[in-house]
$ cat my_file-v8.pdb   # PDB, C-alpha atoms, pLDDT in the B column
MODEL        1
ATOM      1  CA  MET R   1     100.659  35.091 -26.721  1.00 52.00           C
ATOM      2  CA  ASN R   2      97.826  33.170 -25.091  1.00 62.00           C
ATOM      3  CA  THR R   3      98.748  29.637 -24.022  1.00 68.00           C
ATOM      4  CA  GLY R   4      97.108  26.843 -21.984  1.00 85.00           C
ATOM      5  CA  PRO R   5      93.440  27.583 -21.252  1.00 92.00           C
ATOM      6  CA  TYR R   6      93.934  31.049 -22.751  1.00 94.00           C
ATOM      7  CA  SER R   7      94.279  29.458 -26.192  1.00 92.00           C
ATOM      8  CA  ASP R   8      90.675  28.218 -25.908  1.00 94.00           C
ATOM      9  CA  VAL R   9      88.286  30.513 -27.777  1.00 95.00           C
ATOM     10  CA  MET R  10      85.548  29.988 -25.157  1.00 95.00           C
ATOM     11  CA  VAL R  11      87.929  31.066 -22.396  1.00 96.00           C
ATOM     12  CA  GLN R  12      89.042  34.114 -24.401  1.00 96.00           C
ATOM     13  CA  LYS R  13      85.443  35.137 -25.065  1.00 96.00           C
ATOM     14  CA  TYR R  14      84.355  34.648 -21.443  1.00 97.00           C
ATOM     15  CA  LEU R  15      87.311  36.554 -20.026  1.00 97.00           C
ATOM     16  CA  GLU R  16      86.908  39.447 -22.463  1.00 96.00           C
ATOM     17  CA  GLU R  17      83.146  39.741 -21.982  1.00 96.00           C
ATOM     18  CA  GLU R  18      82.724  39.062 -18.276  1.00 97.00           C
ATOM     19  CA  PHE R  19      85.986  40.173 -16.611  1.00 98.00           C
ATOM     20  CA  VAL R  20      88.762  42.709 -16.646  1.00 98.00           C
ATOM     21  CA  PRO R  21      91.758  40.410 -17.337  1.00 98.00           C
ATOM     22  CA  LEU R  22      94.905  41.329 -15.401  1.00 98.00           C
ATOM     23  CA  LYS R  23      98.387  39.785 -15.451  1.00 98.00           C
ATOM     24  CA  SER R  24     101.030  40.287 -12.779  1.00 98.00           C
ATOM     25  CA  GLN R  25     104.506  38.844 -13.266  1.00 98.00           C
ATOM     26  CA  CYS R  26     106.096  37.113 -10.279  1.00 98.00           C
ATOM     27  CA  PHE R  27     109.743  37.251  -9.231  1.00 97.00           C
ATOM     28  CA  TRP R  28     110.798  34.784  -6.546  1.00 97.00           C
ATOM     29  CA  ASP R  29     114.125  36.469  -5.826  1.00 96.00           C
ATOM     30  CA  LYS R  30     112.416  39.827  -5.277  1.00 96.00           C
ATOM     31  CA  ARG R  31     108.739  39.415  -4.460  1.00 97.00           C
ATOM     32  CA  THR R  32     106.515  42.196  -5.734  1.00 98.00           C
ATOM     33  CA  GLU R  33     104.169  44.194  -3.512  1.00 98.00           C
ATOM     34  CA  LEU R  34     101.171  42.466  -5.149  1.00 98.00           C
ATOM     35  CA  MET R  35     102.715  39.043  -4.436  1.00 98.00           C
ATOM     36  CA  LYS R  36     103.035  40.047  -0.783  1.00 98.00           C
ATOM     37  CA  GLN R  37      99.595  41.656  -0.635  1.00 98.00           C
ATOM     38  CA  PHE R  38      97.874  38.529  -1.955  1.00 98.00           C
ATOM     39  CA  TYR R  39     100.227  35.925  -0.429  1.00 98.00           C
ATOM     40  CA  ILE R  40     101.335  34.445  -3.738  1.00 98.00           C
ATOM     41  CA  ALA R  41     103.527  31.410  -3.021  1.00 98.00           C
ATOM     42  CA  TRP R  42     103.212  29.438  -6.258  1.00 97.00           C
ATOM     43  CA  THR R  43     102.352  30.006  -9.897  1.00 97.00           C
ATOM     44  CA  PRO R  44     100.061  30.045 -11.622  1.00 97.00           C
ATOM     45  CA  THR R  45      97.858  31.572  -8.951  1.00 98.00           C
ATOM     46  CA  LEU R  46      94.620  32.939 -10.363  1.00 98.00           C
ATOM     47  CA  LEU R  47      92.370  35.266  -8.374  1.00 98.00           C
ATOM     48  CA  VAL R  48      88.901  36.650  -8.938  1.00 98.00           C
ATOM     49  CA  HIS R  49      88.475  40.096  -7.389  1.00 98.00           C
ATOM     50  CA  ASP R  50      85.380  42.248  -7.063  1.00 98.00           C
ATOM     51  CA  THR R  51      85.395  45.831  -8.353  1.00 97.00           C
ATOM     52  CA  ALA R  52      86.964  47.011  -5.077  1.00 96.00           C
ATOM     53  CA  GLY R  53      89.872  44.597  -5.495  1.00 97.00           C
ATOM     54  CA  GLN R  54      88.721  42.177  -2.800  1.00 98.00           C
ATOM     55  CA  GLU R  55      89.616  38.546  -3.507  1.00 98.00           C
ATOM     56  CA  HIS R  56      86.678  36.091  -3.663  1.00 98.00           C
ATOM     57  CA  HIS R  57      88.107  33.022  -5.395  1.00 98.00           C
ATOM     58  CA  ARG R  58      91.561  31.501  -5.839  1.00 98.00           C
ATOM     59  CA  ILE R  59      92.970  28.824  -8.128  1.00 98.00           C
ATOM     60  CA  VAL R  60      96.496  27.504  -7.623  1.00 98.00           C
ATOM     61  CA  GLY R  61      98.097  25.403 -10.356  1.00 96.00           C
ATOM     62  CA  PHE R  62      97.209  24.536 -13.919  1.00 94.00           C
ATOM     63  CA  VAL R  63      93.589  23.756 -14.781  1.00 95.00           C
ATOM     64  CA  PRO R  64      92.262  22.627 -18.178  1.00 95.00           C
ATOM     65  CA  SER R  65      89.753  24.740 -20.092  1.00 96.00           C
ATOM     66  CA  ASP R  66      86.445  23.287 -18.865  1.00 96.00           C
ATOM     67  CA  ASP R  67      87.548  23.421 -15.225  1.00 97.00           C
ATOM     68  CA  PHE R  68      88.935  26.878 -15.831  1.00 98.00           C
ATOM     69  CA  LEU R  69      85.623  28.193 -17.180  1.00 98.00           C
ATOM     70  CA  ALA R  70      83.778  26.650 -14.241  1.00 98.00           C
ATOM     71  CA  HIS R  71      86.208  28.316 -11.803  1.00 98.00           C
ATOM     72  CA  LEU R  72      85.659  31.682 -13.481  1.00 98.00           C
ATOM     73  CA  GLY R  73      81.909  31.244 -13.178  1.00 98.00           C
ATOM     74  CA  LEU R  74      82.228  30.156  -9.549  1.00 98.00           C
ATOM     75  CA  GLY R  75      84.328  33.219  -8.814  1.00 98.00           C
ATOM     76  CA  LYS R  76      81.616  35.451 -10.238  1.00 98.00           C
ATOM     77  CA  GLY R  77      78.970  33.576  -8.286  1.00 98.00           C
ATOM     78  CA  LYS R  78      80.921  33.914  -5.043  1.00 98.00           C
ATOM     79  CA  ILE R  79      81.110  37.684  -5.508  1.00 98.00           C
ATOM     80  CA  PHE R  80      77.308  37.810  -5.769  1.00 98.00           C
ATOM     81  CA  PHE R  81      76.974  35.420  -2.828  1.00 98.00           C
ATOM     82  CA  ASN R  82      79.402  37.315  -0.589  1.00 98.00           C
ATOM     83  CA  HIS R  83      77.577  40.565  -1.337  1.00 98.00           C
ATOM     84  CA  PHE R  84      74.223  38.965  -0.415  1.00 98.00           C
ATOM     85  CA  ARG R  85      73.005  39.235  -4.037  1.00 98.00           C
ATOM     86  CA  PHE R  86      71.438  35.803  -3.832  1.00 98.00           C
ATOM     87  CA  ALA R  87      69.168  35.829  -6.903  1.00 98.00           C
ATOM     88  CA  GLU R  88      72.174  36.610  -9.109  1.00 98.00           C
ATOM     89  CA  ALA R  89      74.317  34.077  -7.258  1.00 98.00           C
ATOM     90  CA  ILE R  90      71.690  31.366  -7.794  1.00 98.00           C
ATOM     91  CA  ALA R  91      71.490  32.115 -11.528  1.00 98.00           C
ATOM     92  CA  GLN R  92      75.276  32.039 -11.776  1.00 98.00           C
ATOM     93  CA  PHE R  93      75.646  28.750  -9.873  1.00 98.00           C
ATOM     94  CA  HIS R  94      72.879  27.130 -11.945  1.00 98.00           C
ATOM     95  CA  ALA R  95      74.637  28.167 -15.156  1.00 98.00           C
ATOM     96  CA  ILE R  96      77.919  26.567 -14.008  1.00 98.00           C
ATOM     97  CA  VAL R  97      76.216  23.263 -13.171  1.00 98.00           C
ATOM     98  CA  GLU R  98      74.422  23.229 -16.541  1.00 98.00           C
ATOM     99  CA  ARG R  99      77.417  24.252 -18.669  1.00 98.00           C
ATOM    100  CA  HIS R 100      80.221  22.363 -16.896  1.00 98.00           C
ATOM    101  CA  PRO R 101      78.677  19.232 -15.334  1.00 97.00           C
ATOM    102  CA  ASN R 102      82.011  17.390 -15.184  1.00 96.00           C
ATOM    103  CA  ALA R 103      84.108  20.207 -13.740  1.00 98.00           C
ATOM    104  CA  GLY R 104      85.893  19.676 -10.437  1.00 97.00           C
ATOM    105  CA  VAL R 105      84.183  22.627  -8.751  1.00 98.00           C
ATOM    106  CA  ILE R 106      80.646  21.312  -9.261  1.00 98.00           C
ATOM    107  CA  PRO R 107      80.227  19.881  -5.713  1.00 98.00           C
ATOM    108  CA  GLU R 108      81.342  23.224  -4.244  1.00 98.00           C
ATOM    109  CA  THR R 109      79.017  25.037  -6.649  1.00 98.00           C
ATOM    110  CA  ILE R 110      76.069  22.857  -5.617  1.00 98.00           C
ATOM    111  CA  PHE R 111      76.834  23.575  -1.954  1.00 98.00           C
ATOM    112  CA  PHE R 112      76.835  27.351  -2.484  1.00 98.00           C
ATOM    113  CA  LEU R 113      73.747  27.092  -4.702  1.00 98.00           C
ATOM    114  CA  GLY R 114      71.855  25.431  -1.864  1.00 98.00           C
ATOM    115  CA  VAL R 115      72.969  27.985   0.692  1.00 98.00           C
ATOM    116  CA  ALA R 116      72.084  30.866  -1.651  1.00 98.00           C
ATOM    117  CA  GLU R 117      68.623  29.330  -2.181  1.00 98.00           C
ATOM    118  CA  TYR R 118      68.207  29.069   1.579  1.00 98.00           C
ATOM    119  CA  TRP R 119      69.165  32.721   2.082  1.00 98.00           C
ATOM    120  CA  LYS R 120      66.789  33.827  -0.667  1.00 98.00           C
ATOM    121  CA  THR R 121      63.785  31.771   0.467  1.00 98.00           C
ATOM    122  CA  HIS R 122      64.556  31.000   4.138  1.00 98.00           C
ATOM    123  CA  ASP R 123      63.308  27.516   3.344  1.00 98.00           C
ATOM    124  CA  ALA R 124      65.604  24.952   4.988  1.00 98.00           C
ATOM    125  CA  LYS R 125      64.505  22.333   2.466  1.00 98.00           C
ATOM    126  CA  ALA R 126      67.001  23.945   0.065  1.00 98.00           C
ATOM    127  CA  LEU R 127      69.788  22.822   2.399  1.00 98.00           C
ATOM    128  CA  ARG R 128      68.338  19.322   2.650  1.00 98.00           C
ATOM    129  CA  ARG R 129      68.175  19.099  -1.159  1.00 98.00           C
ATOM    130  CA  THR R 130      71.830  20.117  -1.262  1.00 98.00           C
ATOM    131  CA  TYR R 131      72.733  17.307   1.109  1.00 98.00           C
ATOM    132  CA  ASP R 132      70.677  14.806  -0.921  1.00 98.00           C
ATOM    133  CA  THR R 133      72.207  15.881  -4.243  1.00 98.00           C
ATOM    134  CA  LEU R 134      75.785  15.859  -2.984  1.00 98.00           C
ATOM    135  CA  THR R 135      75.523  12.516  -1.207  1.00 98.00           C
ATOM    136  CA  VAL R 136      73.972  10.863  -4.263  1.00 98.00           C
ATOM    137  CA  LYS R 137      76.057  12.440  -7.018  1.00 97.00           C
ATOM    138  CA  TYR R 138      79.324  13.274  -5.242  1.00 97.00           C
ATOM    139  CA  PRO R 139      79.470  11.036  -2.141  1.00 97.00           C
ATOM    140  CA  MET R 140      83.283  11.197  -1.944  1.00 97.00           C
ATOM    141  CA  SER R 141      83.352  14.980  -2.104  1.00 98.00           C
ATOM    142  CA  GLU R 142      84.343  17.032   0.913  1.00 98.00           C
ATOM    143  CA  TRP R 143      81.338  19.210   0.063  1.00 98.00           C
ATOM    144  CA  ALA R 144      79.031  16.257   0.683  1.00 98.00           C
ATOM    145  CA  ARG R 145      80.586  15.948   4.144  1.00 98.00           C
ATOM    146  CA  ARG R 146      80.180  19.684   4.729  1.00 98.00           C
ATOM    147  CA  ALA R 147      76.475  19.263   3.978  1.00 98.00           C
ATOM    148  CA  THR R 148      76.098  16.457   6.542  1.00 98.00           C
ATOM    149  CA  PRO R 149      74.404  18.697   9.177  1.00 98.00           C
ATOM    150  CA  TYR R 150      71.567  19.312   6.706  1.00 98.00           C
ATOM    151  CA  ALA R 151      70.633  15.614   6.843  1.00 98.00           C
ATOM    152  CA  GLN R 152      68.724  16.506  10.030  1.00 97.00           C
ATOM    153  CA  ILE R 153      66.359  18.758   8.070  1.00 97.00           C
ATOM    154  CA  PRO R 154      63.082  17.000   7.052  1.00 95.00           C
ATOM    155  CA  SER R 155      62.817  16.565   3.283  1.00 88.00           C
TER     156      SER R 155
ATOM    157  CA  MET F   1      92.316  33.650 -33.191  1.00 49.00           C
ATOM    158  CA  PRO F   2      91.301  36.477 -30.833  1.00 63.00           C
ATOM    159  CA  GLU F   3      93.748  37.513 -28.145  1.00 82.00           C
ATOM    160  CA  ILE F   4      92.898  38.425 -24.574  1.00 94.00           C
ATOM    161  CA  THR F   5      93.527  42.086 -23.789  1.00 95.00           C
ATOM    162  CA  TRP F   6      95.465  41.959 -20.534  1.00 97.00           C
ATOM    163  CA  GLU F   7      95.739  44.859 -18.143  1.00 98.00           C
ATOM    164  CA  ARG F   8      99.116  45.017 -16.332  1.00 97.00           C
ATOM    165  CA  ASP F   9      98.364  47.495 -13.551  1.00 98.00           C
ATOM    166  CA  PHE F  10      96.154  46.493 -10.609  1.00 98.00           C
ATOM    167  CA  ASN F  11      94.904  50.011  -9.928  1.00 97.00           C
ATOM    168  CA  VAL F  12      94.036  50.600 -13.568  1.00 98.00           C
ATOM    169  CA  ALA F  13      92.265  47.219 -13.622  1.00 98.00           C
ATOM    170  CA  MET F  14      90.197  48.277 -10.601  1.00 98.00           C
ATOM    171  CA  GLU F  15      89.213  51.528 -12.291  1.00 98.00           C
ATOM    172  CA  LYS F  16      88.180  49.607 -15.403  1.00 98.00           C
ATOM    173  CA  ALA F  17      86.289  47.096 -13.267  1.00 98.00           C
ATOM    174  CA  LYS F  18      84.349  49.837 -11.479  1.00 98.00           C
ATOM    175  CA  LYS F  19      83.453  51.570 -14.735  1.00 98.00           C
ATOM    176  CA  ALA F  20      82.367  48.344 -16.432  1.00 98.00           C
ATOM    177  CA  ASP F  21      80.910  46.773 -13.247  1.00 97.00           C
ATOM    178  CA  LYS F  22      82.888  43.615 -13.979  1.00 98.00           C
ATOM    179  CA  PRO F  23      85.054  41.464 -11.706  1.00 98.00           C
ATOM    180  CA  ILE F  24      88.809  41.249 -12.214  1.00 98.00           C
ATOM    181  CA  PHE F  25      90.466  38.024 -13.258  1.00 98.00           C
ATOM    182  CA  HIS F  26      94.047  38.200 -11.972  1.00 98.00           C
ATOM    183  CA  ASP F  27      96.760  35.878 -13.281  1.00 98.00           C
ATOM    184  CA  PHE F  28      99.971  35.780 -11.244  1.00 98.00           C
ATOM    185  CA  TRP F  29     102.511  34.187 -13.570  1.00 96.00           C
ATOM    186  CA  PHE F  30     106.184  33.329 -13.569  1.00 95.00           C
ATOM    187  CA  ASP F  31     108.440  33.313 -16.609  1.00 91.00           C
ATOM    188  CA  GLY F  32     110.663  30.349 -15.942  1.00 76.00           C
TER     189      GLY F  32
ENDMDL
END
$ encode --input "my_file-v8.pdb" --output "structure tokens"
Amino acid sequence: MNTGPYSDVMVQKYLEEEFVPLKSQCFWDKRTELMKQFYIAWTPTLLVHDTAGQEHHRIVGFVPSDDFLAHLGLGKGKIFFNHFRFAEAIAQFHAIVERHPNAGVIPETIFFLGVAEYWKTHDAKALRRTYDTLTVKYPMSEWARRATPYAQIPS
Amino acid sequence: MPEITWERDFNVAMEKAKKADKPIFHDFWFDG
């Protein structure tokens, strides 16, 4: 039976259409090989793997549906990003920001969006825009602080 | 209400992922 975010029809649809959903049961008295392989120390732990099984995104603890969907999208975007598929990463990150503007991962998504735009265009202004956006919209975010070096870039 | 079709084997999930060119969403859960 699907519970928590899995009871949300949007989550069900997104998982079925965009991912191969996989469940692994954990046993604390006798840790499984997968628990050891992926260093699982708490549940729920949710991973997004690429087709080779490499982990690209991790969520630890319960998240409500809108945050959950944004995390799934960010995981997909990070796979594109980490494979240097920047046009697809940019499209993915844009979609997350548009569809889940209040999700907790939005500052991180904006950061990666800016870096992906820089890699695609080699225009440093993309990094400066990232700094400007994060400091205005999410000034308390760690991601705004991570973007601080880009304040030196002329706008 | 539709149900999610969960794979239970990591290697099978990887084979499915390669064939479908889709990422894997992996839920480590505890029954307790």
$ resolve_selection --input "my_file-v8.pdb" --expression "the PyMOL selection byres ((chain R and resi 40) around 12)" --output "ChimeraX atom specification"
/R:24-28,31-39,41-47,58-61 /F:26-30
$ closest_atom_pairs --input "my_file-v8.pdb" --of "chain F" --to "chain R" --cutoff "7 Å" --atoms "all atoms listed in the file" --output "JSON lines"
{"residue": "F:Glu3", "atom": "CA", "partner": "R:Asn2", "partner_atom": "CA", "distance": 6.7}
{"residue": "F:Ile4", "atom": "CA", "partner": "R:Gln12", "partner_atom": "CA", "distance": 5.8}
{"residue": "F:Thr5", "atom": "CA", "partner": "R:Pro21", "partner_atom": "CA", "distance": 6.9}
{"residue": "F:Trp6", "atom": "CA", "partner": "R:Pro21", "partner_atom": "CA", "distance": 5.1}
{"residue": "F:Glu7", "atom": "CA", "partner": "R:Leu22", "partner_atom": "CA", "distance": 4.5}
{"residue": "F:Arg8", "atom": "CA", "partner": "R:Lys23", "partner_atom": "CA", "distance": 5.4}
{"residue": "F:Ala13", "atom": "CA", "partner": "R:Val20", "partner_atom": "CA", "distance": 6.5}
{"residue": "F:Met14", "atom": "CA", "partner": "R:Thr51", "partner_atom": "CA", "distance": 5.8}
{"residue": "F:Ala17", "atom": "CA", "partner": "R:Thr51", "partner_atom": "CA", "distance": 5.2}
{"residue": "F:Lys18", "atom": "CA", "partner": "R:Thr51", "partner_atom": "CA", "distance": 5.2}
{"residue": "F:Asp21", "atom": "CA", "partner": "R:Thr51", "partner_atom": "CA", "distance": 6.7}
{"residue": "F:Lys22", "atom": "CA", "partner": "R:Phe19", "partner_atom": "CA", "distance": 5.3}
{"residue": "F:Pro23", "atom": "CA", "partner": "R:Asp50", "partner_atom": "CA", "distance": 4.7}
{"residue": "F:Ile24", "atom": "CA", "partner": "R:Val20", "partner_atom": "CA", "distance": 4.7}
{"residue": "F:Phe25", "atom": "CA", "partner": "R:Val48", "partner_atom": "CA", "distance": 4.8}
{"residue": "F:His26", "atom": "CA", "partner": "R:Leu22", "partner_atom": "CA", "distance": 4.7}
{"residue": "F:Asp27", "atom": "CA", "partner": "R:Leu46", "partner_atom": "CA", "distance": 4.7}
{"residue": "F:Phe28", "atom": "CA", "partner": "R:Ser24", "partner_atom": "CA", "distance": 4.9}
{"residue": "F:Trp29", "atom": "CA", "partner": "R:Gln25", "partner_atom": "CA", "distance": 5.1}
{"residue": "F:Phe30", "atom": "CA", "partner": "R:Cys26", "partner_atom": "CA", "distance": 5.0}
$ atom_distance --input "my_file-v8.pdb" --atom1 "atom CA of R:Ala151" --atom2 "atom CA of R:Tyr131"
6.3 Å
$ closest_residue --input "my_file-v8.pdb" --among "R:Ala103, R:Leu69, R:Leu74, R:Ile90" --to "R:Ala126" --atoms "only C-alpha atoms"
R:Ile90
$ atom_distance --input "my_file-v8.pdb" --atom1 "atom CA of R:Val105" --atom2 "atom CA of R:Gly4"
19.0 Å
$ residues_near_point --input "my_file-v8.pdb" --point "(70.8, 12.9, -0.9)" --cutoff "12 Å" --atoms "only C-alpha atoms" --output "PyMOL selection string"
chain R and resi 125-139+144-145+147-148+150-155
$ axis_aligned_box --input "my_file-v8.pdb" --around "stretch 4-18 of chain F" --padding-each-side "8 Å" --output "lines of an AutoDock Vina configuration file"
center_x = 91.7
center_y = 45.0
center_z = -17.3
size_x = 30.8
size_y = 29.1
size_z = 30.6
$ resolve_selection --input "my_file-v8.pdb" --expression "the PyMOL selection byres ((chain R and resi 88) around 12)" --output "JSON, numbers by chain"
{"R": [73, 74, 76, 77, 78, 79, 80, 81, 82, 83, 84, 85, 86, 87, 89, 90, 91, 92, 93, 94, 95, 113, 116, 117, 120]}
$ atom_distance --input "my_file-v8.pdb" --atom1 "atom CA of R:Pro107" --atom2 "atom CA of R:Arg146"
10.4 Å
$ closest_residue --input "my_file-v8.pdb" --among "R:Ser65, R:Met140, R:Asp123, R:Val115" --to "R:His100" --atoms "all atoms listed in the file"
R:Ser65
$ build_atoms --input "my_file-v8.pdb" --residues "stretch 121-143 of chain R" --atoms "N, CA and C atoms" --output "PDB file, in the frame of the given file"
ATOM      1  N   THR R 121      65.148  32.216   0.164  1.00 98.00           N
ATOM      2  CA  THR R 121      63.785  31.771   0.467  1.00 98.00           C
ATOM      3  C   THR R 121      63.551  31.554   1.959  1.00 98.00           C
ATOM      4  N   HIS R 122      64.623  31.384   2.717  1.00 98.00           N
ATOM      5  CA  HIS R 122      64.556  31.000   4.138  1.00 98.00           C
ATOM      6  C   HIS R 122      63.816  29.670   4.322  1.00 98.00           C
ATOM      7  N   ASP R 123      63.886  28.858   3.294  1.00 98.00           N
ATOM      8  CA  ASP R 123      63.308  27.516   3.344  1.00 98.00           C
ATOM      9  C   ASP R 123      64.456  26.515   3.526  1.00 98.00           C
ATOM     10  N   ALA R 124      64.499  25.868   4.681  1.00 98.00           N
ATOM     11  CA  ALA R 124      65.604  24.952   4.988  1.00 98.00           C
ATOM     12  C   ALA R 124      65.626  23.722   4.084  1.00 98.00           C
ATOM     13  N   LYS R 125      64.520  23.476   3.393  1.00 98.00           N
ATOM     14  CA  LYS R 125      64.505  22.333   2.466  1.00 98.00           C
ATOM     15  C   LYS R 125      65.564  22.485   1.371  1.00 98.00           C
ATOM     16  N   ALA R 126      65.944  23.722   1.066  1.00 98.00           N
ATOM     17  CA  ALA R 126      67.001  23.945   0.065  1.00 98.00           C
ATOM     18  C   ALA R 126      68.313  23.322   0.542  1.00 98.00           C
ATOM     19  N   LEU R 127      68.568  23.413   1.848  1.00 98.00           N
ATOM     20  CA  LEU R 127      69.788  22.822   2.399  1.00 98.00           C
ATOM     21  C   LEU R 127      69.699  21.301   2.389  1.00 98.00           C
ATOM     22  N   ARG R 128      68.521  20.778   2.678  1.00 98.00           N
ATOM     23  CA  ARG R 128      68.338  19.322   2.650  1.00 98.00           C
ATOM     24  C   ARG R 128      68.517  18.786   1.234  1.00 98.00           C
ATOM     25  N   ARG R 129      67.985  19.519   0.235  1.00 98.00           N
ATOM     26  CA  ARG R 129      68.175  19.099  -1.159  1.00 98.00           C
ATOM     27  C   ARG R 129      69.664  19.104  -1.523  1.00 98.00           C
ATOM     28  N   THR R 130      70.385  20.052  -1.001  1.00 98.00           N
ATOM     29  CA  THR R 130      71.830  20.117  -1.262  1.00 98.00           C
ATOM     30  C   THR R 130      72.518  18.875  -0.707  1.00 98.00           C
ATOM     31  N   TYR R 131      72.169  18.522   0.504  1.00 98.00           N
ATOM     32  CA  TYR R 131      72.733  17.307   1.109  1.00 98.00           C
ATOM     33  C   TYR R 131      72.387  16.086   0.257  1.00 98.00           C
ATOM     34  N   ASP R 132      71.115  15.966  -0.130  1.00 98.00           N
ATOM     35  CA  ASP R 132      70.677  14.806  -0.921  1.00 98.00           C
ATOM     36  C   ASP R 132      71.441  14.732  -2.251  1.00 98.00           C
ATOM     37  N   THR R 133      71.537  15.861  -2.935  1.00 98.00           N
ATOM     38  CA  THR R 133      72.207  15.881  -4.243  1.00 98.00           C
ATOM     39  C   THR R 133      73.679  15.514  -4.103  1.00 98.00           C
ATOM     40  N   LEU R 134      74.349  16.106  -3.129  1.00 98.00           N
ATOM     41  CA  LEU R 134      75.785  15.859  -2.984  1.00 98.00           C
ATOM     42  C   LEU R 134      76.070  14.425  -2.558  1.00 98.00           C
ATOM     43  N   THR R 135      75.250  13.885  -1.674  1.00 98.00           N
ATOM     44  CA  THR R 135      75.523  12.516  -1.207  1.00 98.00           C
ATOM     45  C   THR R 135      75.219  11.479  -2.288  1.00 98.00           C
ATOM     46  N   VAL R 136      74.282  11.805  -3.176  1.00 98.00           N
ATOM     47  CA  VAL R 136      73.972  10.863  -4.263  1.00 98.00           C
ATOM     48  C   VAL R 136      74.979  10.999  -5.406  1.00 98.00           C
ATOM     49  N   LYS R 137      75.228  12.227  -5.823  1.00 97.00           N
ATOM     50  CA  LYS R 137      76.057  12.440  -7.018  1.00 97.00           C
ATOM     51  C   LYS R 137      77.553  12.530  -6.724  1.00 97.00           C
ATOM     52  N   TYR R 138      77.903  13.058  -5.564  1.00 97.00           N
ATOM     53  CA  TYR R 138      79.324  13.274  -5.242  1.00 97.00           C
ATOM     54  C   TYR R 138      79.618  12.802  -3.820  1.00 97.00           C
ATOM     55  N   PRO R 139      79.362  11.519  -3.532  1.00 97.00           N
ATOM     56  CA  PRO R 139      79.470  11.036  -2.141  1.00 97.00           C
ATOM     57  C   PRO R 139      80.879  11.132  -1.574  1.00 97.00           C
ATOM     58  N   MET R 140      81.901  11.130  -2.429  1.00 97.00           N
ATOM     59  CA  MET R 140      83.283  11.197  -1.944  1.00 97.00           C
ATOM     60  C   MET R 140      83.773  12.633  -1.782  1.00 97.00           C
ATOM     61  N   SER R 141      82.930  13.583  -2.163  1.00 98.00           N
ATOM     62  CA  SER R 141      83.352  14.980  -2.104  1.00 98.00           C
ATOM     63  C   SER R 141      83.372  15.505  -0.673  1.00 98.00           C
ATOM     64  N   GLU R 142      84.336  16.354  -0.383  1.00 98.00           N
ATOM     65  CA  GLU R 142      84.343  17.032   0.913  1.00 98.00           C
ATOM     66  C   GLU R 142      83.081  17.860   1.082  1.00 98.00           C
ATOM     67  N   TRP R 143      82.528  18.365  -0.019  1.00 98.00           N
ATOM     68  CA  TRP R 143      81.338  19.210   0.063  1.00 98.00           C
ATOM     69  C   TRP R 143      80.119  18.413   0.498  1.00 98.00           C
TER      70      TRP R 143
END
